[in-house]
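Student: Below you'll find the structure I mean.
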Amino acid sequence: MGLERVRAVADAMALPGRVLSRPARQVTIVGGTNGKGSTVAFIEAIARAAGLRVGAYTSPHLLRYNERVRVDGADADDAALVAAFEAVEDARADVPLTYFEYGTLAALWLFARSDLDLAVLEVGLGGRLDAVNIVDPDVAVITTVDLDHQDWLGGDIDTIGAEKVGIARAWKPLVLGDDDPPSTVLGHAYAIGASAVRIGCDFFFEPIDAERWRWREIGCELELPMPRLAAPVQLRNAAVAIAALRALPIDLPDAAYAAGVREAQVAARLQRFEREGVEILVDVGHNPQAARALAAWLAAAPAQGRTFAVFAALTDKDVVGVVEALAGQVDRWWLAGLADTGPRGLDAEAFAERLAGTAAAAGDRCATVAGALAAARSEAAAGDRVLVFGSFHTAAAALAAFASD
């Protein structure tokens, strides 16, 4: 991992009068362990509601690569992406690039040609050495810091925090969504002179009733509708997004905040389907922190009947920690294989072995997510709930199954 290669190719791809390290008039980079995609969606929706032209770069995708690159609310089309990848290939000469580096450079090239007021870039992994970090943000965001990708980022919260805070810039705002950020995050921000904007210290949020909530900081208070995105954690993500936008040197009307919070959508974040009276929820949650948030939502909104879980995850995840977080909310488990997803995939039997001793280990086993979902649905009755979760691959398989349903 490193930025030297991707910077060299970005310099070679510079457009007349534009550099890829400045793809829009304002730039926000969003990093963190969980909540990045939702926070990007809130920032994008609010800014677009205010009439700004916005580009958003996110990863990974669920069903089509085009989902990763949006300009003015629309996914980039095939022709635009092909042209962008050809520009990367023409510029790189003999410089090797990773899959993510290719994609990042292609997105930045498209954004630099799109006359954007704001670009919102989601970190793929970590922050300090992530390809998006060749861009200097006007505002950096770290949603949360928790254990994930330890093989790459380190085995403890402070080490992971030190990687994630690498997106901060001297004398620029750094919005923090953790109530108690790691000392490495705060220490680095202080050392470089970044202005930390902390939830619970510099801005606040609280529900008013079932339909409304309040965001506030000194000198500003917004009364807002509840997000369309489910789960209590989405209020925190929306609050962080608002803080990021207010840290930019742009003025947005209050109505834009309300409209953006209400309309923001992102697939597979407790995305709901109903089939024959059975509620089916699809979520990308794949680490213990995300599982704890899922468990809190399930406890706060219990099903009328039983709750079934279809779980499939990649080999580098803390699957035992995930099951322990959710076990009290699940009546029956189906374990599915992801053997066709590459070297990080597991078949159902190997997955079950990793979960030995947990509540999920006694669950049924299916070769595929689609098969496990079909099996769970066949046993569910009206009023029951089926939760499908564990990775982006798991969610993608479920959404593909619904697309052909």
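Letters for chains follow the order of the structure tokens (A, B, ...), residue numbers begin at 1 for each chain, and ligand numbers begin at 1 in the order shown.
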List the neighbours of stretch 372-380 of chain A out to 12 Å using only C-alpha atoms; skip same-chain residues closer than 2 positions along the sequence, and give me the result as a ChimeraX atom specification.
Tutor: /A:273-282,303-312,331-338,348,363-370,382-389,394-395,397-402,405
Student: With N, CA and C atoms retained, could you export that selection as a short mmCIF file (atom, residue, chain, number, x, y, z; two decimals), in the first residue's frame?
Tutor:
```
data_model
loop_
_atom_site.label_atom_id
_atom_site.label_comp_id
_atom_site.auth_asym_id
_atom_site.auth_seq_id
_atom_site.Cartn_x
_atom_site.Cartn_y
_atom_site.Cartn_z
N PHE A 273 -37.98 -5.56 2.40
CA PHE A 273 -38.88 -6.17 1.43
C PHE A 273 -39.98 -6.90 2.21
N GLU A 274 -41.10 -7.12 1.57
CA GLU A 274 -42.15 -7.94 2.19
C GLU A 274 -42.66 -8.93 1.17
N ARG A 275 -42.71 -10.19 1.58
CA ARG A 275 -43.22 -11.25 0.73
C ARG A 275 -44.17 -12.11 1.54
N GLU A 276 -45.44 -12.10 1.15
CA GLU A 276 -46.47 -12.94 1.79
C GLU A 276 -46.50 -12.74 3.31
N GLY A 277 -46.42 -11.49 3.71
CA GLY A 277 -46.51 -11.16 5.13
C GLY A 277 -45.23 -11.34 5.92
N VAL A 278 -44.16 -11.76 5.25
CA VAL A 278 -42.85 -11.94 5.90
C VAL A 278 -41.99 -10.72 5.59
N GLU A 279 -41.47 -10.08 6.64
CA GLU A 279 -40.57 -8.95 6.47
C GLU A 279 -39.16 -9.48 6.24
N ILE A 280 -38.51 -9.00 5.17
CA ILE A 280 -37.15 -9.41 4.85
C ILE A 280 -36.26 -8.18 4.84
N LEU A 281 -35.20 -8.21 5.63
CA LEU A 281 -34.27 -7.09 5.76
C LEU A 281 -32.92 -7.51 5.21
N VAL A 282 -32.31 -6.64 4.40
CA VAL A 282 -31.00 -6.91 3.80
C VAL A 282 -30.04 -5.83 4.29
N ALA A 303 -40.09 -8.17 15.74
CA ALA A 303 -41.04 -8.76 14.80
C ALA A 303 -42.26 -9.28 15.54
N GLN A 304 -43.36 -9.42 14.82
CA GLN A 304 -44.56 -10.01 15.43
C GLN A 304 -44.32 -11.48 15.76
N GLY A 305 -43.54 -12.14 14.93
CA GLY A 305 -43.26 -13.56 15.14
C GLY A 305 -41.79 -13.81 15.39
N ARG A 306 -41.25 -14.81 14.69
CA ARG A 306 -39.86 -15.20 14.88
C ARG A 306 -38.93 -14.37 13.99
N THR A 307 -37.64 -14.34 14.39
CA THR A 307 -36.62 -13.70 13.57
C THR A 307 -35.63 -14.76 13.11
N PHE A 308 -35.51 -14.90 11.79
CA PHE A 308 -34.55 -15.81 11.18
C PHE A 308 -33.38 -14.99 10.64
N ALA A 309 -32.19 -15.57 10.67
CA ALA A 309 -31.01 -14.89 10.14
C ALA A 309 -30.36 -15.74 9.07
N VAL A 310 -30.08 -15.12 7.92
CA VAL A 310 -29.26 -15.72 6.88
C VAL A 310 -27.93 -14.98 6.92
N PHE A 311 -26.86 -15.70 7.25
CA PHE A 311 -25.57 -15.08 7.53
C PHE A 311 -24.51 -15.70 6.62
N ALA A 312 -23.76 -14.84 5.93
CA ALA A 312 -22.62 -15.27 5.13
C ALA A 312 -21.57 -14.18 5.22
N ASP A 331 -33.90 -16.19 16.35
CA ASP A 331 -34.49 -17.47 16.76
C ASP A 331 -33.89 -18.65 16.00
N ARG A 332 -33.48 -18.43 14.77
CA ARG A 332 -32.94 -19.54 13.98
C ARG A 332 -31.99 -18.99 12.93
N TRP A 333 -30.93 -19.77 12.64
CA TRP A 333 -29.89 -19.33 11.74
C TRP A 333 -29.81 -20.22 10.50
N TRP A 334 -29.47 -19.59 9.37
CA TRP A 334 -29.04 -20.28 8.16
C TRP A 334 -27.66 -19.74 7.81
N LEU A 335 -26.70 -20.61 7.63
CA LEU A 335 -25.34 -20.23 7.24
C LEU A 335 -25.15 -20.52 5.77
N ALA A 336 -24.67 -19.51 5.05
CA ALA A 336 -24.51 -19.65 3.59
C ALA A 336 -23.05 -19.51 3.21
N GLY A 337 -22.67 -20.16 2.11
CA GLY A 337 -21.32 -20.07 1.60
C GLY A 337 -21.13 -18.89 0.67
N LEU A 338 -19.89 -18.41 0.63
CA LEU A 338 -19.48 -17.39 -0.34
C LEU A 338 -18.24 -17.88 -1.07
N ALA A 348 -19.94 -23.18 2.98
CA ALA A 348 -20.81 -23.21 4.16
C ALA A 348 -20.23 -24.07 5.27
N GLY A 363 -27.18 -23.95 13.06
CA GLY A 363 -28.10 -23.57 12.00
C GLY A 363 -27.95 -24.42 10.76
N ASP A 364 -28.94 -24.34 9.88
CA ASP A 364 -28.87 -25.04 8.61
C ASP A 364 -27.76 -24.44 7.74
N ARG A 365 -27.25 -25.24 6.82
CA ARG A 365 -26.17 -24.80 5.95
C ARG A 365 -26.59 -24.90 4.51
N CYS A 366 -26.29 -23.85 3.74
CA CYS A 366 -26.65 -23.82 2.33
C CYS A 366 -25.44 -23.35 1.53
N ALA A 367 -25.32 -23.85 0.32
CA ALA A 367 -24.15 -23.52 -0.49
C ALA A 367 -24.12 -22.06 -0.89
N THR A 368 -25.29 -21.44 -1.07
CA THR A 368 -25.36 -20.07 -1.56
C THR A 368 -26.29 -19.24 -0.70
N VAL A 369 -26.13 -17.93 -0.79
CA VAL A 369 -27.03 -17.02 -0.09
C VAL A 369 -28.44 -17.15 -0.64
N ALA A 370 -28.58 -17.25 -1.96
CA ALA A 370 -29.91 -17.38 -2.55
C ALA A 370 -30.61 -18.63 -2.04
N ALA A 382 -46.36 -15.62 8.06
CA ALA A 382 -46.72 -14.21 8.15
C ALA A 382 -46.43 -13.71 9.56
N GLY A 383 -45.79 -12.55 9.64
CA GLY A 383 -45.40 -11.97 10.92
C GLY A 383 -43.97 -12.26 11.30
N ASP A 384 -43.34 -13.25 10.64
CA ASP A 384 -41.94 -13.55 10.89
C ASP A 384 -41.05 -12.54 10.15
N ARG A 385 -39.78 -12.53 10.53
CA ARG A 385 -38.80 -11.63 9.91
C ARG A 385 -37.57 -12.44 9.51
N VAL A 386 -37.01 -12.12 8.34
CA VAL A 386 -35.77 -12.74 7.87
C VAL A 386 -34.74 -11.64 7.68
N LEU A 387 -33.61 -11.76 8.37
CA LEU A 387 -32.51 -10.81 8.24
C LEU A 387 -31.40 -11.47 7.43
N VAL A 388 -31.01 -10.84 6.32
CA VAL A 388 -29.93 -11.34 5.46
C VAL A 388 -28.77 -10.36 5.58
N PHE A 389 -27.62 -10.84 6.03
CA PHE A 389 -26.54 -9.90 6.31
C PHE A 389 -25.19 -10.60 6.32
N THR A 394 -23.00 -10.81 0.41
CA THR A 394 -24.25 -11.39 0.91
C THR A 394 -25.44 -10.55 0.49
N ALA A 395 -25.33 -9.24 0.70
CA ALA A 395 -26.42 -8.34 0.33
C ALA A 395 -26.66 -8.35 -1.17
N ALA A 397 -26.13 -10.77 -3.29
CA ALA A 397 -26.80 -12.01 -3.67
C ALA A 397 -28.28 -11.96 -3.33
N ALA A 398 -28.61 -11.38 -2.18
CA ALA A 398 -30.02 -11.27 -1.80
C ALA A 398 -30.76 -10.33 -2.74
N LEU A 399 -30.16 -9.19 -3.05
CA LEU A 399 -30.83 -8.24 -3.93
C LEU A 399 -31.00 -8.83 -5.33
N ALA A 400 -30.02 -9.59 -5.78
CA ALA A 400 -30.15 -10.24 -7.09
C ALA A 400 -31.29 -11.25 -7.06
N ALA A 401 -31.43 -11.97 -5.96
CA ALA A 401 -32.53 -12.92 -5.85
C ALA A 401 -33.89 -12.21 -5.90
N PHE A 402 -33.98 -11.05 -5.25
CA PHE A 402 -35.24 -10.30 -5.29
C PHE A 402 -35.49 -9.72 -6.68
N ASP A 405 -37.17 -12.30 -8.53
CA ASP A 405 -38.34 -12.86 -7.85
C ASP A 405 -39.61 -12.41 -8.56
#
```
Student: Pull the strand (DSSP E or B) assignments for stretch 39-278 of chain A out of DSSP run on the backbone, and list those residues as a ChimeraX atom specification.
Tutor: /A:54-57,69-71,74-75,118-122,139-142,173-176,195-199,203-207,212-217,220-225,271-275,278
Student: Could you write those residues out with C-alpha atoms, as a PDB file, in the first residue's frame?
Tutor:
```pdb
ATOM      1  CA  VAL A  54     -22.363  16.822  -6.615  1.00  0.00           C
ATOM      2  CA  GLY A  55     -20.133  13.882  -7.460  1.00  0.00           C
ATOM      3  CA  ALA A  56     -20.022  10.878  -5.117  1.00  0.00           C
ATOM      4  CA  TYR A  57     -17.503   8.041  -5.176  1.00  0.00           C
ATOM      5  CA  VAL A  69     -19.481   6.776  -9.428  1.00  0.00           C
ATOM      6  CA  ARG A  70     -22.401   9.205  -9.348  1.00  0.00           C
ATOM      7  CA  VAL A  71     -22.616  12.628 -10.959  1.00  0.00           C
ATOM      8  CA  ALA A  74     -27.008   9.492 -11.598  1.00  0.00           C
ATOM      9  CA  ASP A  75     -24.699   6.495 -11.851  1.00  0.00           C
ATOM     10  CA  LEU A 118     -18.804  19.296  -4.356  1.00  0.00           C
ATOM     11  CA  ALA A 119     -17.088  15.909  -4.564  1.00  0.00           C
ATOM     12  CA  VAL A 120     -17.723  13.383  -1.773  1.00  0.00           C
ATOM     13  CA  LEU A 121     -15.143  10.594  -1.702  1.00  0.00           C
ATOM     14  CA  GLU A 122     -15.486   7.472   0.422  1.00  0.00           C
ATOM     15  CA  VAL A 139     -13.377  18.705   5.250  1.00  0.00           C
ATOM     16  CA  ALA A 140     -12.459  15.208   6.404  1.00  0.00           C
ATOM     17  CA  VAL A 141     -14.915  12.921   8.195  1.00  0.00           C
ATOM     18  CA  ILE A 142     -14.270   9.869  10.365  1.00  0.00           C
ATOM     19  CA  PRO A 173     -12.014  20.719   9.788  1.00  0.00           C
ATOM     20  CA  LEU A 174     -12.064  17.071  10.859  1.00  0.00           C
ATOM     21  CA  VAL A 175     -15.582  15.882  11.759  1.00  0.00           C
ATOM     22  CA  LEU A 176     -15.643  12.987  14.234  1.00  0.00           C
ATOM     23  CA  SER A 195      -9.882  21.565  13.716  1.00  0.00           C
ATOM     24  CA  ALA A 196     -11.676  18.627  15.343  1.00  0.00           C
ATOM     25  CA  VAL A 197     -15.473  18.965  15.213  1.00  0.00           C
ATOM     26  CA  ARG A 198     -16.749  16.347  17.656  1.00  0.00           C
ATOM     27  CA  ILE A 199     -20.190  14.859  18.084  1.00  0.00           C
ATOM     28  CA  PHE A 203     -22.588  19.428  17.692  1.00  0.00           C
ATOM     29  CA  PHE A 204     -25.465  17.388  19.076  1.00  0.00           C
ATOM     30  CA  PHE A 205     -28.507  15.422  17.980  1.00  0.00           C
ATOM     31  CA  GLU A 206     -31.551  14.065  19.794  1.00  0.00           C
ATOM     32  CA  PRO A 207     -34.980  12.670  18.853  1.00  0.00           C
ATOM     33  CA  ARG A 212     -38.798  14.499  14.178  1.00  0.00           C
ATOM     34  CA  TRP A 213     -35.310  15.019  15.553  1.00  0.00           C
ATOM     35  CA  ARG A 214     -33.079  17.967  16.340  1.00  0.00           C
ATOM     36  CA  TRP A 215     -29.529  18.845  15.229  1.00  0.00           C
ATOM     37  CA  ARG A 216     -27.779  21.698  16.980  1.00  0.00           C
ATOM     38  CA  GLU A 217     -24.517  23.505  17.516  1.00  0.00           C
ATOM     39  CA  CYS A 220     -27.703  26.914  14.961  1.00  0.00           C
ATOM     40  CA  GLU A 221     -30.590  24.551  15.594  1.00  0.00           C
ATOM     41  CA  LEU A 222     -32.367  22.463  12.958  1.00  0.00           C
ATOM     42  CA  GLU A 223     -35.618  20.540  13.434  1.00  0.00           C
ATOM     43  CA  LEU A 224     -35.646  17.728  10.892  1.00  0.00           C
ATOM     44  CA  PRO A 225     -37.769  14.790   9.714  1.00  0.00           C
ATOM     45  CA  GLN A 271     -33.365  -2.399   3.149  1.00  0.00           C
ATOM     46  CA  ARG A 272     -36.859  -3.804   3.573  1.00  0.00           C
ATOM     47  CA  PHE A 273     -38.882  -6.170   1.429  1.00  0.00           C
ATOM     48  CA  GLU A 274     -42.148  -7.936   2.189  1.00  0.00           C
ATOM     49  CA  ARG A 275     -43.218 -11.248   0.725  1.00  0.00           C
ATOM     50  CA  VAL A 278     -42.853 -11.936   5.898  1.00  0.00           C
TER      51      VAL A 278
END
```
Student: Could you tell me how far atom CA of A:Arg7 sits from atom CA of A:Ile134, in Å to one decimal place?
Tutor: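 So the answer is 6.3 Å.
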Student: Please determine, counting only C-alpha atoms, which residue among A:Thr358, A:Asn287, A:Asn237, A:Ser404 has the shortest atom-to-atom distance to A:Phe42.
Tutor: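 The closest residue to A:Phe42 is A:Asn237.
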Student: In Å, rounded to a single decimal, give me how far atom CA of A:Ala327 is from atom CA of A:Ala291.
Tutor: 9.9 Å
Student: So, counting only C-alpha atoms, which residue among A:Gly32, A:Leu248, A:Ile46, A:Gly2 is closest to A:Val185?
Tutor: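 When distances to A:Val185 are compared using only C-alpha atoms, the smallest one comes from A:Gly32.
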Student: With only C-alpha atoms as the basis for distance, which of A:Val82, A:Ala50, A:Glu44, A:Ala24 is at the shortest distance from A:Asp138?
Tutor: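 Looking at the shortest contact to A:Asp138, the residue is A:Ala24.
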Student: Atom CA of A:Gly193 to atom CA of A:Gly166: how many Å, to one decimal?
Tutor: 13.0 Å
Student: Could you name the residues that touch A:Tyr257 at 10 Å or less, counting only C-alpha atoms, but leaving out those on the same chain fewer than 2 positions away, as a ChimeraX atom specification?
Tutor: /A:42-43,45-50,222-225,238,241-242,245,252-255,259-262
Student: What lies within 12 Å of A:Ala231 using only C-alpha atoms, ignoring chain neighbours under 5 positions off, as a short mmCIF file (atom, residue, chain, number, x, y, z; two decimals) with C-alpha atoms, in the first residue's frame?
Tutor:
```cif
data_model
loop_
_atom_site.label_atom_id
_atom_site.label_comp_id
_atom_site.auth_asym_id
_atom_site.auth_seq_id
_atom_site.Cartn_x
_atom_site.Cartn_y
_atom_site.Cartn_z
CA GLY A 35 -21.47 4.36 8.40
CA SER A 38 -24.82 6.29 4.61
CA MET A 226 -36.66 11.27 10.55
CA ARG A 236 -25.86 9.76 14.01
CA ASN A 237 -24.80 9.38 10.38
CA ALA A 238 -27.14 12.20 9.35
CA ARG A 269 -28.78 -0.72 4.86
CA LEU A 270 -31.68 -2.46 6.55
CA GLN A 271 -33.36 -2.40 3.15
CA ARG A 272 -36.86 -3.80 3.57
CA LEU A 281 -34.27 -7.09 5.76
CA ASP A 283 -27.95 -5.32 5.42
CA ALA A 290 -22.29 -3.13 12.81
CA ALA A 291 -23.82 -6.24 14.41
CA ARG A 292 -24.37 -4.39 17.68
CA ALA A 293 -26.21 -1.67 15.77
CA LEU A 294 -28.33 -4.30 14.01
CA ALA A 295 -29.14 -5.93 17.35
CA ALA A 296 -30.20 -2.59 18.83
CA TRP A 297 -32.57 -1.99 15.90
CA LEU A 298 -34.05 -5.50 16.12
CA ALA A 299 -34.62 -5.07 19.87
CA ALA A 300 -36.26 -1.68 19.37
CA ALA A 301 -38.53 -2.91 16.56
#
```
Student: Name all residues at most 9 Å from A:Ala112 (count only C-alpha atoms; drop same-chain ones fewer than 5 positions away) and give them as a VMD selection string.
Tutor: chain A and resid 14 to 15 18 to 24 107
Student: List every residue of stretch 131-369 of chain A that DSSP, applied to the backbone of this structure, places in alpha helix (DSSP H), and write the result as a PyMOL selection string.
Tutor: chain A and resi 150-153+157-164+183-192+233-247+254-263+288-300+319-326+348-354+369
Student: Determine, counting only C-alpha atoms, which protein, DNA and RNA residues have an atom within 6 Å of an atom of stretch 58-64 of chain A; residues of the same chain fewer than 2 positions away are not included. Present the result as a PyMOL selection string.
Tutor: chain A and resi 66-68+122+396
Student: Next, the residues of the selection above should be written as an mmCIF file, in the first residue's frame with C-alpha atoms.
Tutor:
```
data_model
loop_
_atom_site.group_PDB
_atom_site.id
_atom_site.type_symbol
_atom_site.label_atom_id
_atom_site.label_comp_id
_atom_site.auth_asym_id
_atom_site.auth_seq_id
_atom_site.Cartn_x
_atom_site.Cartn_y
_atom_site.Cartn_z
ATOM 1 C CA ASN A 66 -21.539 1.951 -12.152
ATOM 2 C CA GLU A 67 -22.973 2.410 -8.627
ATOM 3 C CA ARG A 68 -19.539 3.534 -7.438
ATOM 4 C CA GLU A 122 -15.486 7.472 0.422
ATOM 5 C CA ALA A 396 -25.734 -8.374 -3.410
#
```
Student: Which residue, A:Lys36, A:Arg113, A:Arg344, A:Arg246, has the smallest gap to A:Ala84 when you use only C-alpha atoms?
Tutor: A:Arg113
Student: Using only C-alpha atoms, pick whichever of A:Asp158, A:Asp209, A:Asp11, A:Asp148 has the shortest atom-to-atom distance to A:Val319.
Tutor: A:Asp148
Student: Extract, using only C-alpha atoms, all DNA, RNA and protein residues at most 12 Å from A:Leu125, discarding same-chain residues fewer than 4 positions from it, and format them as a ChimeraX atom specification.
Tutor: /A:1-2,30-34,36,58-60,100-101,129-133,148-153,160,163-167
